[in-house]
Structure formats: structure tokens, C-alpha cells
>>> print(open('upload.txt').read())   # compact mmCIF, C-alpha atoms and all ligand atoms
# COMPACT_ATOMS: atom_id res chain seq x y z
CA MET A 1 98.83 110.33 144.77
CA ILE A 2 100.27 111.77 147.97
CA VAL A 3 104.05 111.79 148.49
CA VAL A 4 106.25 113.23 151.24
CA GLY A 5 109.38 114.95 150.02
CA VAL A 6 111.98 117.48 151.04
CA ASN A 7 112.94 120.45 148.86
CA GLY A 8 115.53 122.17 151.00
CA PRO A 9 116.89 121.97 154.56
CA GLY A 10 113.93 121.91 156.94
CA LYS A 11 111.43 122.04 154.07
CA LEU A 12 109.16 119.02 154.37
CA GLN A 13 106.62 118.86 151.59
CA VAL A 14 103.40 116.84 151.44
CA ARG A 15 102.36 117.06 147.81
CA ASP A 16 100.47 115.43 145.02
CA ALA A 17 102.57 113.53 142.46
CA PRO A 18 101.75 111.49 139.38
CA ALA A 19 101.47 107.74 139.96
CA PRO A 20 104.73 105.92 139.15
CA LEU A 21 105.08 104.72 135.56
CA ARG A 22 107.98 102.32 135.06
CA LYS A 23 106.85 99.59 132.74
CA HIS A 24 109.11 96.69 133.76
CA ARG A 25 108.84 97.36 137.49
CA ALA A 26 106.30 96.05 139.98
CA LEU A 27 104.00 98.57 141.64
CA VAL A 28 103.83 98.36 145.44
CA ARG A 29 101.09 100.02 147.47
CA LEU A 30 102.04 101.35 150.89
CA GLU A 31 101.07 99.41 154.00
CA ARG A 32 103.55 100.94 156.50
CA ALA A 33 106.63 103.14 156.16
CA GLY A 34 108.99 103.98 159.02
CA ILE A 35 110.62 107.30 159.87
CA CYS A 36 114.19 106.89 161.10
CA GLY A 37 117.12 109.00 162.23
CA THR A 38 118.48 109.13 158.69
CA ASP A 39 115.26 110.79 157.51
CA LEU A 40 115.54 113.41 160.26
CA LYS A 41 119.17 114.11 159.24
CA ILE A 42 118.11 114.40 155.58
CA LEU A 43 115.33 116.82 156.51
CA ASP A 44 117.77 118.93 158.57
CA GLY A 45 120.29 119.04 155.74
CA ALA A 46 122.92 117.14 157.79
CA VAL A 47 122.84 114.35 155.20
CA PRO A 48 123.09 116.00 151.76
CA VAL A 49 120.57 115.10 149.04
CA ALA A 50 119.73 116.54 145.62
CA TYR A 51 116.47 118.47 146.12
CA PRO A 52 113.65 117.80 145.65
CA VAL A 53 113.54 114.15 146.65
CA ILE A 54 110.75 111.90 147.94
CA MET A 55 111.90 110.69 151.37
CA GLY A 56 111.86 107.31 153.09
CA HIS A 57 113.60 103.94 152.89
CA GLU A 58 111.64 101.69 155.30
CA MET A 59 108.53 100.21 153.69
CA VAL A 60 106.25 97.21 153.48
CA GLY A 61 103.37 97.06 151.04
CA MET A 62 101.30 95.00 148.66
CA VAL A 63 102.19 94.36 145.03
CA SER A 64 99.38 95.97 143.00
CA ARG A 65 100.85 95.13 139.59
CA SER A 66 103.50 92.55 138.88
CA GLY A 67 106.72 93.57 137.10
CA SER A 68 108.27 92.06 133.99
CA ASP A 69 110.04 89.31 136.02
CA GLY A 70 106.57 88.05 137.04
CA ARG A 71 107.96 86.59 140.27
CA MET A 72 105.76 88.72 142.52
CA PRO A 73 102.11 88.37 141.54
CA SER A 74 99.70 91.13 142.38
CA GLY A 75 98.53 90.71 146.00
CA THR A 76 101.97 89.61 147.28
CA ARG A 77 102.91 91.32 150.53
CA VAL A 78 106.51 92.55 150.40
CA LEU A 79 109.34 94.27 152.21
CA VAL A 80 111.30 96.73 150.06
CA ASN A 81 115.10 96.45 150.17
CA PRO A 82 116.02 100.14 149.89
CA GLY A 83 119.65 99.41 149.07
CA ILE A 84 119.60 99.73 145.31
CA HIS A 85 122.59 98.02 143.67
CA CYS A 86 123.79 97.38 140.14
CA ARG A 87 124.03 93.53 140.27
CA ASP A 88 127.01 93.74 137.95
CA CYS A 89 130.11 94.97 139.81
CA HIS A 90 132.83 93.32 141.87
CA LEU A 91 131.00 94.04 145.13
CA CYS A 92 127.64 92.77 143.84
CA ASP A 93 129.33 89.65 142.45
CA THR A 94 130.93 88.86 145.81
CA ASP A 95 127.73 89.03 147.95
CA ARG A 96 128.34 92.60 149.09
CA PRO A 97 125.67 94.41 147.08
CA HIS A 98 124.93 96.62 150.11
CA LEU A 99 128.32 98.29 149.45
CA CYS A 100 127.81 98.70 145.68
CA HIS A 101 129.04 102.14 144.67
CA ARG A 102 126.90 102.26 141.59
CA GLY A 103 123.87 101.95 143.87
CA GLY A 104 122.26 104.13 146.50
CA LEU A 105 119.63 104.40 149.20
CA LEU A 106 115.99 105.07 148.42
CA GLY A 107 114.90 108.39 149.92
CA ARG A 108 118.44 109.78 149.90
CA ASP A 109 120.14 109.10 146.60
CA MET A 110 116.88 108.64 144.66
CA ASP A 111 113.15 109.03 145.28
CA GLY A 112 112.04 106.99 148.27
CA VAL A 113 109.05 105.21 149.73
CA PHE A 114 106.98 107.90 151.47
CA ALA A 115 104.33 107.59 148.76
CA GLU A 116 101.01 105.83 148.30
CA GLU A 117 102.57 103.68 145.60
CA ILE A 118 106.11 103.07 144.32
CA ALA A 119 107.61 101.27 141.34
CA MET A 120 110.36 98.73 142.16
CA GLU A 121 112.33 96.07 140.35
CA GLU A 122 111.15 92.75 141.74
CA HIS A 123 114.76 91.89 142.66
CA PHE A 124 114.45 94.35 145.57
CA LEU A 125 111.23 92.85 147.01
CA HIS A 126 111.09 90.19 149.76
CA VAL A 127 107.88 88.26 150.48
CA VAL A 128 106.39 88.94 153.95
CA PRO A 129 103.99 86.32 155.40
CA ASP A 130 100.55 87.41 156.66
CA GLY A 131 101.35 86.21 160.19
CA ILE A 132 103.46 89.34 160.76
CA GLY A 133 101.11 92.19 161.73
CA PRO A 134 101.18 95.52 159.90
CA ASP A 135 103.02 97.51 162.58
CA ALA A 136 105.53 94.72 163.19
CA ALA A 137 106.12 94.54 159.43
CA GLY A 138 106.95 98.25 159.49
CA LEU A 139 110.10 97.36 161.50
CA LEU A 140 111.42 94.63 159.19
CA GLN A 141 113.86 96.84 157.29
CA VAL A 142 115.54 98.00 160.52
CA LEU A 143 115.58 94.42 161.80
CA GLY A 144 117.35 93.41 158.59
CA THR A 145 120.16 95.87 159.30
CA VAL A 146 120.39 94.64 162.91
CA VAL A 147 120.61 91.01 161.70
CA HIS A 148 123.33 92.09 159.28
CA SER A 149 125.37 93.81 162.01
CA GLN A 150 125.29 90.85 164.35
CA GLN A 151 126.40 88.56 161.52
CA THR A 152 129.66 90.49 161.38
CA ALA A 153 130.73 89.54 164.93
CA PRO A 154 130.89 86.26 166.86
CA VAL A 155 127.77 86.05 169.06
CA THR A 156 128.24 83.20 171.52
CA ALA A 157 125.82 82.03 174.16
CA GLY A 158 128.19 82.39 177.12
CA SER A 159 129.03 86.01 176.29
CA VAL A 160 128.29 89.04 178.38
CA ALA A 161 126.83 91.50 175.90
CA LEU A 162 126.14 95.16 176.23
CA VAL A 163 123.83 97.39 174.20
CA ILE A 164 124.43 101.14 174.53
CA GLY A 165 121.39 103.14 173.42
CA LEU A 166 117.92 101.61 173.67
CA GLY A 167 116.00 103.21 170.84
CA VAL A 168 114.34 101.00 168.23
CA SER A 169 117.61 99.56 166.94
CA GLY A 170 119.11 99.06 170.41
CA LEU A 171 115.99 97.20 171.57
CA LEU A 172 116.13 95.06 168.42
CA HIS A 173 119.83 94.31 169.05
CA LEU A 174 118.99 93.33 172.62
CA GLN A 175 116.23 90.95 171.52
CA LEU A 176 118.31 89.46 168.72
CA LEU A 177 121.16 88.72 171.16
CA LEU A 178 118.64 87.00 173.46
CA ALA A 179 117.20 85.04 170.54
CA SER A 180 120.75 83.92 169.68
CA GLY A 181 121.10 82.43 173.17
CA VAL A 182 123.06 85.21 174.89
CA ASP A 183 121.30 85.34 178.24
CA ARG A 184 123.41 88.06 179.87
CA VAL A 185 122.54 91.19 177.90
CA ILE A 186 122.92 94.56 179.63
CA GLY A 187 121.01 97.57 178.27
CA VAL A 188 122.32 101.10 178.81
CA THR A 189 120.32 104.30 178.37
CA ARG A 190 119.57 107.53 180.18
CA SER A 191 115.85 107.01 179.67
CA ALA A 192 114.02 105.32 182.57
CA TRP A 193 111.07 104.14 180.45
CA LYS A 194 113.39 102.60 177.88
CA ARG A 195 115.24 100.77 180.67
CA ASP A 196 111.87 99.43 181.90
CA LEU A 197 110.93 98.28 178.41
CA ALA A 198 114.34 96.58 178.00
CA THR A 199 113.76 94.71 181.26
CA ARG A 200 110.31 93.58 180.07
CA LEU A 201 111.88 92.40 176.80
CA GLY A 202 114.34 90.21 178.73
CA ALA A 203 117.47 92.27 179.50
CA HIS A 204 119.54 90.61 182.23
CA ALA A 205 120.36 94.04 183.68
CA VAL A 206 119.88 97.70 182.76
CA ALA A 207 121.91 100.76 183.68
CA THR A 208 122.28 104.48 183.15
CA PRO A 209 125.52 105.47 181.37
CA GLU A 210 127.00 106.42 184.77
CA GLU A 211 126.08 103.06 186.33
CA ALA A 212 127.19 101.00 183.34
CA ALA A 213 130.80 100.28 184.39
CA GLY A 214 129.69 98.93 187.78
CA VAL A 215 126.90 96.80 186.32
CA VAL A 216 129.16 95.34 183.60
CA ALA A 217 131.82 94.51 186.22
CA ASP A 218 129.16 92.80 188.38
CA VAL A 219 127.62 90.74 185.59
CA SER A 220 130.99 89.74 184.06
CA ASP A 221 132.83 88.99 187.33
CA GLY A 222 135.11 91.89 186.58
CA ARG A 223 136.33 90.82 183.14
CA GLY A 224 134.31 93.31 181.08
CA ALA A 225 131.86 92.75 178.24
CA ASP A 226 132.67 90.28 175.46
CA LEU A 227 130.50 92.11 172.94
CA ALA A 228 129.30 95.72 172.98
CA VAL A 229 126.78 97.13 170.51
CA GLU A 230 126.86 100.89 170.14
CA ALA A 231 123.40 102.01 168.97
CA VAL A 232 123.55 105.78 169.51
CA GLY A 233 125.99 107.12 166.92
CA THR A 234 128.27 109.44 168.91
CA ALA A 235 132.03 109.32 169.43
CA SER A 236 131.58 109.30 173.21
CA THR A 237 129.33 106.23 173.19
CA VAL A 238 131.75 104.40 170.86
CA ALA A 239 134.50 105.25 173.36
CA GLN A 240 132.33 103.97 176.21
CA ALA A 241 131.69 100.70 174.36
CA ILE A 242 135.48 100.21 173.99
CA GLU A 243 136.05 101.03 177.66
CA LEU A 244 133.40 98.59 178.88
CA CYS A 245 134.75 95.67 176.83
CA GLY A 246 137.14 93.18 178.35
CA PRO A 247 140.28 91.73 176.71
CA GLY A 248 139.50 90.29 173.27
CA GLY A 249 136.17 92.14 173.19
CA GLU A 250 134.21 93.00 170.06
CA VAL A 251 132.47 96.32 169.43
CA ILE A 252 129.75 96.65 166.82
CA VAL A 253 129.33 100.31 165.93
CA TYR A 254 125.75 100.26 164.65
CA GLY A 255 125.03 103.97 165.22
CA THR A 256 126.33 106.29 162.53
CA VAL A 257 128.94 108.72 163.78
CA THR A 258 129.04 111.68 161.39
CA GLY A 259 131.36 114.66 161.29
CA GLU A 260 134.67 114.91 163.11
CA GLY A 261 133.96 112.43 165.90
CA GLY A 262 135.97 112.99 169.09
CA PRO A 263 138.69 111.54 171.29
CA MET A 264 139.00 107.73 171.35
CA PRO A 265 140.65 105.39 173.86
CA TYR A 266 143.22 104.22 171.29
CA TYR A 267 145.54 102.62 173.81
CA GLN A 268 142.67 100.48 175.13
CA LEU A 269 141.91 99.29 171.61
CA TYR A 270 145.48 98.00 171.44
CA PHE A 271 145.93 96.79 175.01
CA LYS A 272 142.69 94.78 175.06
CA GLU A 273 143.01 93.79 171.39
CA ILE A 274 139.49 95.03 170.70
CA THR A 275 137.89 94.33 167.33
CA LEU A 276 135.80 97.20 165.97
CA ARG A 277 133.06 96.35 163.44
CA TYR A 278 131.43 99.00 161.30
CA PRO A 279 128.49 97.32 159.55
CA ARG A 280 126.38 99.24 157.06
CA ALA A 281 122.88 98.50 155.68
CA ALA A 282 122.09 94.83 154.97
CA ARG A 283 122.53 92.09 152.38
CA PRO A 284 119.40 90.74 150.67
CA GLY A 285 119.71 87.49 152.67
CA ASP A 286 119.68 89.47 155.94
CA TYR A 287 116.20 90.72 155.08
CA ASP A 288 115.00 87.14 154.53
CA ARG A 289 116.48 86.14 157.90
CA ALA A 290 114.79 89.13 159.57
CA ILE A 291 111.42 88.19 158.07
CA ALA A 292 111.81 84.55 159.24
CA LEU A 293 112.78 85.74 162.71
CA ALA A 294 109.76 88.06 162.97
CA ALA A 295 107.46 85.29 161.71
CA SER A 296 108.84 82.93 164.38
CA GLY A 297 107.61 85.31 167.11
CA ARG A 298 111.00 85.24 168.86
CA ILE A 299 111.36 89.00 168.58
CA GLN A 300 108.66 91.35 169.83
CA LEU A 301 108.18 94.14 167.35
CA ASP A 302 104.81 95.65 168.26
CA PRO A 303 105.99 97.22 171.56
CA LEU A 304 108.56 99.21 169.56
CA VAL A 305 105.92 101.03 167.48
CA THR A 306 104.56 103.95 169.49
CA ALA A 307 102.81 106.13 166.90
CA ARG A 308 101.34 106.03 163.40
CA PHE A 309 100.12 108.84 161.16
CA PRO A 310 98.62 108.90 157.67
CA LEU A 311 101.02 110.14 154.95
CA GLU A 312 99.23 113.48 154.68
CA ASN A 313 100.03 114.17 158.36
CA ALA A 314 103.76 113.66 157.81
CA PRO A 315 104.70 116.95 159.56
CA ASP A 316 103.09 115.65 162.79
CA ALA A 317 104.80 112.30 162.30
CA PHE A 318 108.21 113.96 161.91
CA ALA A 319 107.59 116.11 165.00
CA ALA A 320 106.73 112.96 166.98
CA ALA A 321 109.82 111.14 165.68
CA ARG A 322 111.98 114.05 166.77
CA SER A 323 110.40 114.51 170.19
CA GLY A 324 112.34 111.77 171.97
CA ASP A 325 109.07 110.46 173.47
CA HIS A 326 108.64 107.79 170.83
CA LEU A 327 110.24 104.65 169.52
CA LYS A 328 109.25 103.89 165.91
CA VAL A 329 106.84 106.30 164.23
CA LEU A 330 105.12 104.78 161.19
CA LEU A 331 103.33 106.33 158.22
CA THR A 332 100.17 104.68 156.91
CA PRO A 333 98.12 105.15 153.70
ZN ZN A 401 116.13 103.62 158.60
ZN ZN A 402 127.14 96.72 142.11
>>> encode(input="upload.txt", output="C-alpha cells", more="lines below")
Ligand SMILES: [Zn+2]
Ligand SMILES: [Zn+2]
Amino acid sequence: MIVVGVNGPGKLQVRDAPAPLRKHRALVRLERAGICGTDLKILDGAVPVAYPVIMGHEMVGMVSRSGSDGRMPSGTRVLVNPGIHCRDCHLCDTDRPHLCHRGGLLGRDMDGVFAEEIAMEEHFLHVVPDGIGPDAAGLLQVLGTVVHSQQTAPVTAGSVALVIGLGVSGLLHLQLLLASGVDRVIGVTRSAWKRDLATRLGAHAVATPEEAAGVVADVSDGRGADLAVEAVGTASTVAQAIELCGPGGEVIVYGTVTGEGGPMPYYQLYFKEITLRYPRAARPGDYDRAIALAASGRIQLDPLVTARFPLENAPDAFAAARSGDHLKVLLTP
């Protein structure tokens, strides 16, 4: 079967591999897999991995052979939770398996999902109803992490909320805030077409980074945002999120800031008593909530998928994902 791996910085490899053989695990055949920023960083060598590794952590598929638990009969459509955990440590026992340090992420710490078929313990599979289309289903793993992040902060209907960065995750954050009853959500991005899309998806206002302070002041009657989601992953956008929050504001840093970071408005953190949240990955229950939300139709997922390529054309798919012209790029069988 075809798999997509990396065997050194910049060395993407589409190759043939033996079908997975793990007796007690279920086999899952690929329906859609998503390429995300983490995969690009792994390919570049910015996120270290032990080479060679099969890439990918975002996948939906169909169970083709049930595992030894027998909970997922063949033919069940499933989302794969890529956050492998031990189920036996202090963190796993206290509903924080996403932080388990005996675990790891598929496609980074162990072979991932960019394959025609994978073998998974049934514990890591979540049933996906047929009402969610194939492309929309390809976004469920990201939606799970977005659901998880917003569970860490108070999201109240009367809030003025801000989303900085309107890629796939920013647009999901925006829609999830709207679905939670926050009607004043402001989207911030340099990209004109992403601002237009955010408006179509229900943003109360949109702004370029330069316009953001004025727009936030307007919408909040000068008090600043109550909640800011940073969905870019740079020190400067984290700083901007802090600056645009009002007293008592909450900042969810969803983007991953790697390396040294940069200067931060520390005095503002203190003076406005800002709460910073740093969510990571998702709990199993967050994936179930994401699936229910997608099935309810309250979040539009299809407009966020802008390209799909068969696994064997992975180099083209990675080039598209890197180009900046796309939202989610999906791989198909
Ligand atoms: Zn991802
Ligand atoms: Zn554990």
C-alpha cells in the first residue's frame, strides 16, 4: 500500500509499504487525511522526528477489520484520535490523557495516518455519522482541538471576542464562538479573501492587523476585547492579542509559538489582569463534541477545504498547503 513519509529534512517520500499487521488492533481504511502546519514543520525539520516516519495525524476512515475489543464493527466510519496515551498514568487517570507523557502524536512520535490503511486500538476511534460529508469529516480532528481550546476559557454570549489569524483553525474558532452565542466576533488577518470568507461565515467585523485596535475599540465601546484567540503562532500576534484585550480579558493562545519567542507586553498582562490559556491537542470527549457539532450543521466545514489530492500526489498537496493560497488541503485514497 502507498504511504507518505519523511526520511530527512525536506525529504518527502511517497513509497510502498507492507499493509499493517497488528493483531489486536482495528484496521482503518483512509477516507480523508488533512495536511496541517505541524506536518510542514516536521517536513522542514523544525519539529524533530526520528526518521523515517510515516507522516500525518488528521484522519477519518472506515473500519475494514474490527479489533479485539470488537466495539467497532467493520464498516464503521471513524475519526482517529492521534493523541496516543497510556491509559494508566496520573494524567490519563485524571481526564488529561492529551498530556500523557508516555504517549505521543501520530505522524511525529510514531508512524502516522498518511497511508491507505492504518492499524489502531479501538480506544482511539470515534464514530462519525454519515450525515457529515467526506471533506467536512476531514476537518473533525482540527475542530476537536478548537473545541478543546474554547473549553479552557469562559465563553459568554455578551462578550466581544477577537480571532487573530483566519486560517482553518481561526475560521473554526470564529464559527465555534458564534455557535456558542457570542454575536460580536471580530476576525483579524492580512488576507482580503480570508476577511471576506469570515464575513460570509458570520463575523461581526473584520480588520487588517493595522486596523484591529480601532475596530475592537468601536465594537467594544472602548473597553477592549473580553476574549482573544491567537491562531497564528507568533510572539507578535500573542502580544497583539494581549494588547487588544480589555481589563479582565482572556487570551487563548491556540497557535504554537516555537523557538525563542519575542518581547511581550508583561506590564499589560499585570495591569489588565489578563488570563493566558495555552491549550494543547484535545481530550477524547472534545472529539465527540466536535463530531456532534459538525453533525448539527451549526459549523460550516466544506468552505474551509480548498484542495484535495490522492496520496500518491502528496508532493503537490504539500506544495499547495505551503503556498498560502489554500485553507485545508486534504489527501484522498
Ligand atoms: Zn493538525
Ligand atoms: Zn498516560
>>> residues_near_ligand(input="upload.txt", ligand="ligand ZN 402 (chain A)", cutoff="6 Å", atoms="all atoms listed in the file", output="PyMOL selection string")
chain A and resi 85-89+91-92+97+100+102
>>> atom_distance(input="upload.txt", atom1="atom CA of Leu176 of chain A", atom2="atom CA of Gly248 of chain A")
21.7 Å
>>> closest_atom_pairs(input="upload.txt", of="chain A", to="ligand ZN 401 (chain A)", cutoff="8 Å", atoms="only C-alpha atoms and all ligand atoms", output="tab-separated table")
residue	atom	partner	partner_atom	distance
A:Gly34	CA	A:ZN401	ZN	7.2
A:Ile35	CA	A:ZN401	ZN	6.7
A:Cys36	CA	A:ZN401	ZN	4.6
A:Gly37	CA	A:ZN401	ZN	6.6
A:Thr38	CA	A:ZN401	ZN	6.0
A:Asp39	CA	A:ZN401	ZN	7.3
A:Gly56	CA	A:ZN401	ZN	7.9
A:His57	CA	A:ZN401	ZN	6.3
A:Glu58	CA	A:ZN401	ZN	5.9
A:Gln141	CA	A:ZN401	ZN	7.3
A:Val142	CA	A:ZN401	ZN	6.0
>>> atom_distance(input="upload.txt", atom1="atom CA of Val3 of chain A", atom2="atom CA of Ala137 of chain A")
20.5 Å
>>> closest_residue(input="upload.txt", among="A:Asp221, A:Thr189, A:Lys272, A:Arg15", to="Pro209 of chain A", atoms="all atoms listed in the file")
A:Thr189
>>> residues_around(input="upload.txt", residues="segment 273-284 of chain A", least_positions_apart="5", cutoff="6 Å", atoms="all atoms listed in the file", output="PyMOL selection string")
chain A and resi 98+145+148-149+248-253
>>> residues_around(input="upload.txt", residues="Met1 of chain A", least_positions_apart="5", cutoff="9 Å", atoms="all atoms listed in the file", output="mmCIF file with C-alpha atoms, in the coordinates of the input")
data_model
loop_
_atom_site.group_PDB
_atom_site.id
_atom_site.type_symbol
_atom_site.label_atom_id
_atom_site.label_comp_id
_atom_site.auth_asym_id
_atom_site.auth_seq_id
_atom_site.Cartn_x
_atom_site.Cartn_y
_atom_site.Cartn_z
ATOM 1 C CA ARG A 15 102.360 117.060 147.810
ATOM 2 C CA ASP A 16 100.470 115.430 145.020
ATOM 3 C CA ALA A 17 102.570 113.530 142.460
ATOM 4 C CA PRO A 18 101.750 111.490 139.380
ATOM 5 C CA ALA A 19 101.470 107.740 139.960
ATOM 6 C CA ALA A 115 104.330 107.590 148.760
ATOM 7 C CA GLU A 116 101.010 105.830 148.300
ATOM 8 C CA GLU A 117 102.570 103.680 145.600
#
>>> atom_distance(input="upload.txt", atom1="atom CA of Val155 of chain A", atom2="atom CA of Leu139 of chain A")
22.3 Å
>>> residues_around(input="upload.txt", residues="Glu122 of chain A", least_positions_apart="6", cutoff="12 Å", atoms="only C-alpha atoms", output="PyMOL selection string")
chain A and resi 24-28+63+65-74+76+78-81+84
>>> residues_near_point(input="upload.txt", point="(117.9, 99.1, 185.7)", cutoff="12 Å", atoms="all atoms listed in the file", output="PDB file with C-alpha atoms, in the coordinates of the input")
ATOM      1  CA  ILE A 186     122.920  94.560 179.630  1.00  0.00           C
ATOM      2  CA  GLY A 187     121.010  97.570 178.270  1.00  0.00           C
ATOM      3  CA  VAL A 188     122.320 101.100 178.810  1.00  0.00           C
ATOM      4  CA  THR A 189     120.320 104.300 178.370  1.00  0.00           C
ATOM      5  CA  ARG A 190     119.570 107.530 180.180  1.00  0.00           C
ATOM      6  CA  SER A 191     115.850 107.010 179.670  1.00  0.00           C
ATOM      7  CA  ALA A 192     114.020 105.320 182.570  1.00  0.00           C
ATOM      8  CA  TRP A 193     111.070 104.140 180.450  1.00  0.00           C
ATOM      9  CA  LYS A 194     113.390 102.600 177.880  1.00  0.00           C
ATOM     10  CA  ARG A 195     115.240 100.770 180.670  1.00  0.00           C
ATOM     11  CA  ASP A 196     111.870  99.430 181.900  1.00  0.00           C
ATOM     12  CA  LEU A 197     110.930  98.280 178.410  1.00  0.00           C
ATOM     13  CA  ALA A 198     114.340  96.580 178.000  1.00  0.00           C
ATOM     14  CA  THR A 199     113.760  94.710 181.260  1.00  0.00           C
ATOM     15  CA  ARG A 200     110.310  93.580 180.070  1.00  0.00           C
ATOM     16  CA  GLY A 202     114.340  90.210 178.730  1.00  0.00           C
ATOM     17  CA  ALA A 203     117.470  92.270 179.500  1.00  0.00           C
ATOM     18  CA  HIS A 204     119.540  90.610 182.230  1.00  0.00           C
ATOM     19  CA  ALA A 205     120.360  94.040 183.680  1.00  0.00           C
ATOM     20  CA  VAL A 206     119.880  97.700 182.760  1.00  0.00           C
ATOM     21  CA  ALA A 207     121.910 100.760 183.680  1.00  0.00           C
ATOM     22  CA  THR A 208     122.280 104.480 183.150  1.00  0.00           C
ATOM     23  CA  PRO A 209     125.520 105.470 181.370  1.00  0.00           C
ATOM     24  CA  GLU A 210     127.000 106.420 184.770  1.00  0.00           C
ATOM     25  CA  GLU A 211     126.080 103.060 186.330  1.00  0.00           C
ATOM     26  CA  ALA A 212     127.190 101.000 183.340  1.00  0.00           C
ATOM     27  CA  GLY A 214     129.690  98.930 187.780  1.00  0.00           C
ATOM     28  CA  VAL A 215     126.900  96.800 186.320  1.00  0.00           C
TER      29      VAL A 215
END
>>> closest_residue(input="upload.txt", among="A:Val60, A:Ile2, A:Leu293, A:Cys245", to="Val14 of chain A", atoms="all atoms listed in the file")
A:Ile2
>>> closest_residue(input="upload.txt", among="A:Ala157, A:Val146, A:Val257, A:Ala228", to="Arg289 of chain A", atoms="only C-alpha atoms")
A:Val146
>>> closest_residue(input="upload.txt", among="A:Met55, A:Leu166, A:Leu327, A:Ala317", to="Val305 of chain A", atoms="all atoms listed in the file")
A:Leu327
>>> decode(input="upload.txt", residues="segment 269-294 of chain A", atoms="C-alpha atoms", output="PDB file, in the first residue's frame")
ATOM      1  CA  LEU A 269      -0.677  41.299  31.499  1.00  0.00           C
ATOM      2  CA  TYR A 270      -0.456  42.524  35.086  1.00  0.00           C
ATOM      3  CA  PHE A 271      -2.284  45.834  34.789  1.00  0.00           C
ATOM      4  CA  LYS A 272      -5.298  44.361  32.978  1.00  0.00           C
ATOM      5  CA  GLU A 273      -5.118  41.084  34.925  1.00  0.00           C
ATOM      6  CA  ILE A 274      -5.146  39.101  31.689  1.00  0.00           C
ATOM      7  CA  THR A 275      -5.500  35.320  31.819  1.00  0.00           C
ATOM      8  CA  LEU A 276      -3.376  33.464  29.283  1.00  0.00           C
ATOM      9  CA  ARG A 277      -4.501  29.967  28.242  1.00  0.00           C
ATOM     10  CA  TYR A 278      -2.195  27.574  26.440  1.00  0.00           C
ATOM     11  CA  PRO A 279      -4.336  24.621  25.350  1.00  0.00           C
ATOM     12  CA  ARG A 280      -2.779  21.650  23.594  1.00  0.00           C
ATOM     13  CA  ALA A 281      -4.383  18.878  21.490  1.00  0.00           C
ATOM     14  CA  ALA A 282      -7.773  17.595  22.703  1.00  0.00           C
ATOM     15  CA  ARG A 283      -9.383  15.201  25.166  1.00  0.00           C
ATOM     16  CA  PRO A 284     -11.311  12.228  23.754  1.00  0.00           C
ATOM     17  CA  GLY A 285     -14.608  13.891  24.772  1.00  0.00           C
ATOM     18  CA  ASP A 286     -13.695  17.007  22.758  1.00  0.00           C
ATOM     19  CA  TYR A 287     -13.660  14.881  19.605  1.00  0.00           C
ATOM     20  CA  ASP A 288     -17.155  13.579  20.388  1.00  0.00           C
ATOM     21  CA  ARG A 289     -18.364  17.156  20.915  1.00  0.00           C
ATOM     22  CA  ALA A 290     -16.752  18.217  17.616  1.00  0.00           C
ATOM     23  CA  ILE A 291     -18.466  15.372  15.756  1.00  0.00           C
ATOM     24  CA  ALA A 292     -21.861  16.287  17.297  1.00  0.00           C
ATOM     25  CA  LEU A 293     -21.336  19.927  16.393  1.00  0.00           C
ATOM     26  CA  ALA A 294     -20.452  19.101  12.772  1.00  0.00           C
TER      27      ALA A 294
END
